[in-house]
Amino acid sequence: MSSATLTVSKIRNGTVIDHIPAGRSLAVLKVLGITGYEGLRIAILMNVESKKLGRKDIVKIEDRVVDEREASVISLIAPEATINIVRDFNVVEKRNLRLPEIIKGLLKCPNPLCVTNNDPEALSEFVKVSEKPLRLRCVYCDTYLNEADVLRQVVGQ
Ligand code: CTP
Ligand code: ZN
């Protein structure tokens, strides 16, 4: 335990995304399309001590829910995150994210010749090859994506 603790109040209503890998909270906000100009009250904690080993980020967003699609994109960059829905100060729902075995329609295959980049009806589809380090394989052309590729696509940089 560190000697100093960074304390942030509980929220009344909204979403707390907890157990985000240290440093990834800004990428999570980007996935949610949150810039700060929406006027939502948001707390971002970065690199705070986790009850488990190591450090984590936490994002608390008042009066905003996270839908299924957003949760599945977040699972690509923060597979161990927990999404807590808070109502009237209580956690009424806790969703543990996990990286699915098959990721459909969320990522783009980097191979320009891949069918998914040429047939407008084809949905991209990747199989999880390994989680740590992250490695995904396109089921159509066997092109691999690594963690940096996924982060770049999801965060758009
Ligand atoms: N939280 C909050 N406001 C609330 C209730 C909870 O900001 N009104 C935050 C807590 O600070 C914590 C997260 O939501 O970061 C999850 O809360 P809770 O389930 O009570 O904590 P834990 O049991 O420690 O969660 P876990 O087991 O997922 O680590
Ligand atoms: Zn492909």
# chains A, B, ... in the order shown; residues from 1 in each chain; ligands from 1

call {"tool": "residues_near_ligand", "arguments": {"ligand": "ligand 2", "cutoff": "7 Å", "atoms": "only C-alpha atoms and all ligand atoms", "output": "PyMOL selection string"}}
result
chain A and resi 109-111+114-116+138-143

call {"tool": "write_last_selection", "arguments": {"atoms": "C-alpha atoms", "output": "PDB file, in the first residue's frame"}}
result
ATOM      1  CA  CYS A 109      -8.424  -6.300 -41.599  1.00  0.00           C
ATOM      2  CA  PRO A 110      -5.175  -4.539 -42.560  1.00  0.00           C
ATOM      3  CA  ASN A 111      -4.872  -6.593 -45.760  1.00  0.00           C
ATOM      4  CA  CYS A 114      -8.955  -9.305 -47.895  1.00  0.00           C
ATOM      5  CA  VAL A 115     -12.536 -10.071 -48.945  1.00  0.00           C
ATOM      6  CA  THR A 116     -13.777  -8.015 -45.994  1.00  0.00           C
ATOM      7  CA  CYS A 138      -8.519 -12.726 -39.683  1.00  0.00           C
ATOM      8  CA  VAL A 139     -10.580 -15.815 -40.521  1.00  0.00           C
ATOM      9  CA  TYR A 140     -10.650 -14.881 -44.212  1.00  0.00           C
ATOM     10  CA  CYS A 141      -6.987 -14.171 -45.009  1.00  0.00           C
ATOM     11  CA  ASP A 142      -5.009 -15.191 -41.894  1.00  0.00           C
ATOM     12  CA  THR A 143      -3.593 -11.685 -41.361  1.00  0.00           C
TER      13      THR A 143
END

call {"tool": "residues_around", "arguments": {"residues": "Ile44 in chain A", "least_positions_apart": "4", "cutoff": "12 Å", "atoms": "only C-alpha atoms", "output": "ChimeraX atom specification"}}
result
/A:6-9,16-18,20,22-29,36,48,56-62

call {"tool": "write_last_selection", "arguments": {"atoms": "N, CA, C and O atoms", "output": "compact mmCIF listing (two decimals), in the first residue's frame"}}
result
# COMPACT_ATOMS: atom_id res chain seq x y z
N LEU A 6 -5.61 8.54 -3.19
CA LEU A 6 -6.33 9.53 -3.96
C LEU A 6 -7.80 9.20 -3.79
O LEU A 6 -8.25 8.14 -4.20
N THR A 7 -8.56 10.09 -3.17
CA THR A 7 -9.95 9.77 -2.89
C THR A 7 -10.87 10.51 -3.85
O THR A 7 -10.72 11.71 -4.04
N VAL A 8 -11.80 9.76 -4.44
CA VAL A 8 -12.78 10.36 -5.33
C VAL A 8 -14.15 9.92 -4.84
O VAL A 8 -14.34 8.76 -4.48
N SER A 9 -15.11 10.86 -4.78
CA SER A 9 -16.41 10.51 -4.22
C SER A 9 -17.14 9.46 -5.02
O SER A 9 -16.87 9.26 -6.21
N VAL A 16 -19.48 3.29 -13.54
CA VAL A 16 -18.08 3.26 -13.12
C VAL A 16 -17.39 2.14 -13.88
O VAL A 16 -17.81 0.98 -13.80
N ILE A 17 -16.38 2.48 -14.64
CA ILE A 17 -15.60 1.46 -15.34
C ILE A 17 -14.31 1.29 -14.54
O ILE A 17 -13.50 2.21 -14.44
N ASP A 18 -14.20 0.13 -13.93
CA ASP A 18 -13.13 -0.14 -12.97
C ASP A 18 -12.18 -1.19 -13.55
O ASP A 18 -12.52 -1.88 -14.51
N ILE A 20 -9.48 -0.91 -15.27
CA ILE A 20 -8.94 -0.62 -16.60
C ILE A 20 -7.41 -0.73 -16.50
O ILE A 20 -6.83 -0.23 -15.53
N ALA A 22 -3.70 0.11 -16.39
CA ALA A 22 -3.11 1.42 -16.09
C ALA A 22 -2.77 2.16 -17.38
O ALA A 22 -2.12 1.61 -18.27
N GLY A 23 -3.26 3.39 -17.47
CA GLY A 23 -2.95 4.25 -18.62
C GLY A 23 -3.95 4.20 -19.76
O GLY A 23 -3.86 4.99 -20.68
N ARG A 24 -4.94 3.29 -19.67
CA ARG A 24 -5.86 3.12 -20.79
C ARG A 24 -7.17 3.90 -20.66
O ARG A 24 -8.04 3.80 -21.53
N SER A 25 -7.34 4.67 -19.59
CA SER A 25 -8.65 5.31 -19.38
C SER A 25 -9.00 6.32 -20.47
O SER A 25 -10.17 6.45 -20.83
N LEU A 26 -8.01 7.00 -21.01
CA LEU A 26 -8.32 7.99 -22.05
C LEU A 26 -8.78 7.28 -23.32
O LEU A 26 -9.67 7.78 -24.04
N ALA A 27 -8.21 6.10 -23.58
CA ALA A 27 -8.65 5.31 -24.74
C ALA A 27 -10.09 4.84 -24.53
O ALA A 27 -10.90 4.82 -25.47
N VAL A 28 -10.43 4.48 -23.30
CA VAL A 28 -11.81 4.05 -22.99
C VAL A 28 -12.78 5.21 -23.23
O VAL A 28 -13.84 5.04 -23.84
N LEU A 29 -12.42 6.40 -22.79
CA LEU A 29 -13.28 7.57 -23.02
C LEU A 29 -13.45 7.84 -24.51
O LEU A 29 -14.52 8.20 -24.97
N GLY A 36 -15.37 15.52 -23.19
CA GLY A 36 -15.32 16.45 -22.06
C GLY A 36 -16.24 17.64 -22.27
O GLY A 36 -16.64 18.31 -21.33
N VAL A 48 -3.74 4.23 -10.24
CA VAL A 48 -3.97 4.09 -8.80
C VAL A 48 -3.77 2.63 -8.39
O VAL A 48 -3.84 1.73 -9.22
N LYS A 56 -4.09 0.42 -11.75
CA LYS A 56 -5.24 0.39 -12.66
C LYS A 56 -5.74 1.80 -12.88
O LYS A 56 -5.37 2.73 -12.17
N ASP A 57 -6.61 1.97 -13.85
CA ASP A 57 -7.33 3.22 -14.06
C ASP A 57 -8.81 2.98 -13.75
O ASP A 57 -9.29 1.84 -13.82
N ILE A 58 -9.50 4.03 -13.39
CA ILE A 58 -10.95 3.98 -13.13
C ILE A 58 -11.58 5.20 -13.81
O ILE A 58 -11.01 6.29 -13.76
N VAL A 59 -12.73 5.01 -14.42
CA VAL A 59 -13.47 6.14 -14.98
C VAL A 59 -14.87 6.13 -14.38
O VAL A 59 -15.54 5.09 -14.39
N LYS A 60 -15.29 7.27 -13.84
CA LYS A 60 -16.65 7.39 -13.29
C LYS A 60 -17.39 8.43 -14.11
O LYS A 60 -16.91 9.57 -14.24
N ILE A 61 -18.50 8.05 -14.66
CA ILE A 61 -19.26 8.96 -15.52
C ILE A 61 -20.67 9.10 -14.97
O ILE A 61 -21.40 8.10 -14.87
N GLU A 62 -21.04 10.31 -14.64
CA GLU A 62 -22.39 10.51 -14.12
C GLU A 62 -23.40 10.59 -15.25
O GLU A 62 -23.14 11.18 -16.30

call {"tool": "residues_near_ligand", "arguments": {"ligand": "ligand 1", "cutoff": "10 Å", "atoms": "only C-alpha atoms and all ligand atoms", "output": "PyMOL selection string"}}
result
chain A and resi 7-19+43+45+50-52+57-62+81-96

call {"tool": "residues_around", "arguments": {"residues": "Leu97 in chain A", "least_positions_apart": "6", "cutoff": "9 Å", "atoms": "only C-alpha atoms", "output": "list in words"}}
result
Ala71, Ser72, Ile74, Ser75, Ala78, Pro79, Glu80, Ala81, Thr82 and Ile83 of chain A

call {"tool": "select_by_dssp", "arguments": {"residues": "range 2-148 of chain A", "states": "strand (DSSP E or B)", "output": "ChimeraX atom specification"}}
result
/A:14-21,42-49,55-62,82-87,90-96,102-104,125-130,135-138,144-146

call {"tool": "residues_around", "arguments": {"residues": "Lys128 in chain A", "least_positions_apart": "2", "cutoff": "12 Å", "atoms": "only C-alpha atoms", "output": "ChimeraX atom specification"}}
result
/A:76,98-104,125-126,130-139,142,144-147

call {"tool": "write_last_selection", "arguments": {"atoms": "C-alpha atoms", "output": "compact mmCIF listing (two decimals), in the first residue's frame"}}
result
# COMPACT_ATOMS: atom_id res chain seq x y z
CA LEU A 76 -10.70 -5.19 -26.86
CA ARG A 98 -13.95 -10.51 -21.31
CA LEU A 99 -12.40 -10.68 -24.70
CA PRO A 100 -14.62 -12.89 -26.90
CA GLU A 101 -13.17 -15.82 -28.89
CA ILE A 102 -14.60 -14.35 -32.10
CA ILE A 103 -14.69 -10.60 -32.82
CA LYS A 104 -17.13 -9.78 -35.59
CA GLU A 125 -14.13 -11.56 -38.36
CA PHE A 126 -11.15 -12.25 -36.16
CA SER A 130 -3.79 -15.32 -27.65
CA GLU A 131 -4.79 -12.77 -25.04
CA LYS A 132 -1.44 -11.98 -23.43
CA PRO A 133 0.10 -10.76 -25.66
CA LEU A 134 -2.97 -9.96 -27.70
CA ARG A 135 -3.01 -11.62 -31.09
CA LEU A 136 -6.04 -11.89 -33.39
CA ARG A 137 -6.26 -13.66 -36.75
CA CYS A 138 -8.52 -12.73 -39.68
CA VAL A 139 -10.58 -15.81 -40.52
CA ASP A 142 -5.01 -15.19 -41.89
CA TYR A 144 -2.69 -11.08 -37.72
CA LEU A 145 -3.46 -8.07 -35.52
CA ASN A 146 -1.44 -7.38 -32.39
CA GLU A 147 -2.23 -5.21 -29.38

call {"tool": "atom_distance", "arguments": {"atom1": "CA of Leu151 in chain A", "atom2": "CA of Lys108 in chain A"}}
result
12.0 Å

call {"tool": "atom_distance", "arguments": {"atom1": "CA of Val150 in chain A", "atom2": "CA of Val127 in chain A"}}
result
13.1 Å

call {"tool": "closest_residue", "arguments": {"among": "A:Leu53, A:Leu123, A:Leu106, A:Val73", "to": "Gly33 in chain A", "atoms": "only C-alpha atoms"}}
result
A:Val73

call {"tool": "select_by_dssp", "arguments": {"residues": "chain A", "states": "alpha helix (DSSP H)", "output": "PyMOL selection string"}}
result
chain A and resi 25-31+68-77+147-155

call {"tool": "write_last_selection", "arguments": {"atoms": "C-alpha atoms", "output": "compact mmCIF listing (two decimals), in the first residue's frame"}}
result
# COMPACT_ATOMS: atom_id res chain seq x y z
CA SER A 25 -8.65 5.31 -19.38
CA LEU A 26 -8.32 7.99 -22.05
CA ALA A 27 -8.65 5.31 -24.74
CA VAL A 28 -11.81 4.05 -22.99
CA LEU A 29 -13.28 7.57 -23.02
CA LYS A 30 -12.43 7.83 -26.69
CA VAL A 31 -14.34 4.60 -27.39
CA GLU A 68 -23.45 -3.56 -25.39
CA ARG A 69 -21.54 -2.46 -28.46
CA GLU A 70 -19.48 0.04 -26.49
CA ALA A 71 -18.77 -2.66 -23.91
CA SER A 72 -17.55 -5.06 -26.61
CA VAL A 73 -15.17 -2.46 -28.05
CA ILE A 74 -13.92 -1.65 -24.53
CA SER A 75 -13.24 -5.38 -24.02
CA LEU A 76 -10.70 -5.19 -26.86
CA ILE A 77 -8.55 -2.63 -25.04
CA GLU A 147 -2.23 -5.21 -29.38
CA ALA A 148 -0.79 -2.02 -30.93
CA ASP A 149 -2.83 -2.57 -34.13
CA VAL A 150 -6.03 -3.01 -32.13
CA LEU A 151 -5.37 0.01 -29.94
CA ARG A 152 -4.61 2.15 -33.00
CA GLN A 153 -7.84 1.10 -34.69
CA VAL A 154 -10.02 1.51 -31.62
CA VAL A 155 -8.58 4.84 -30.56
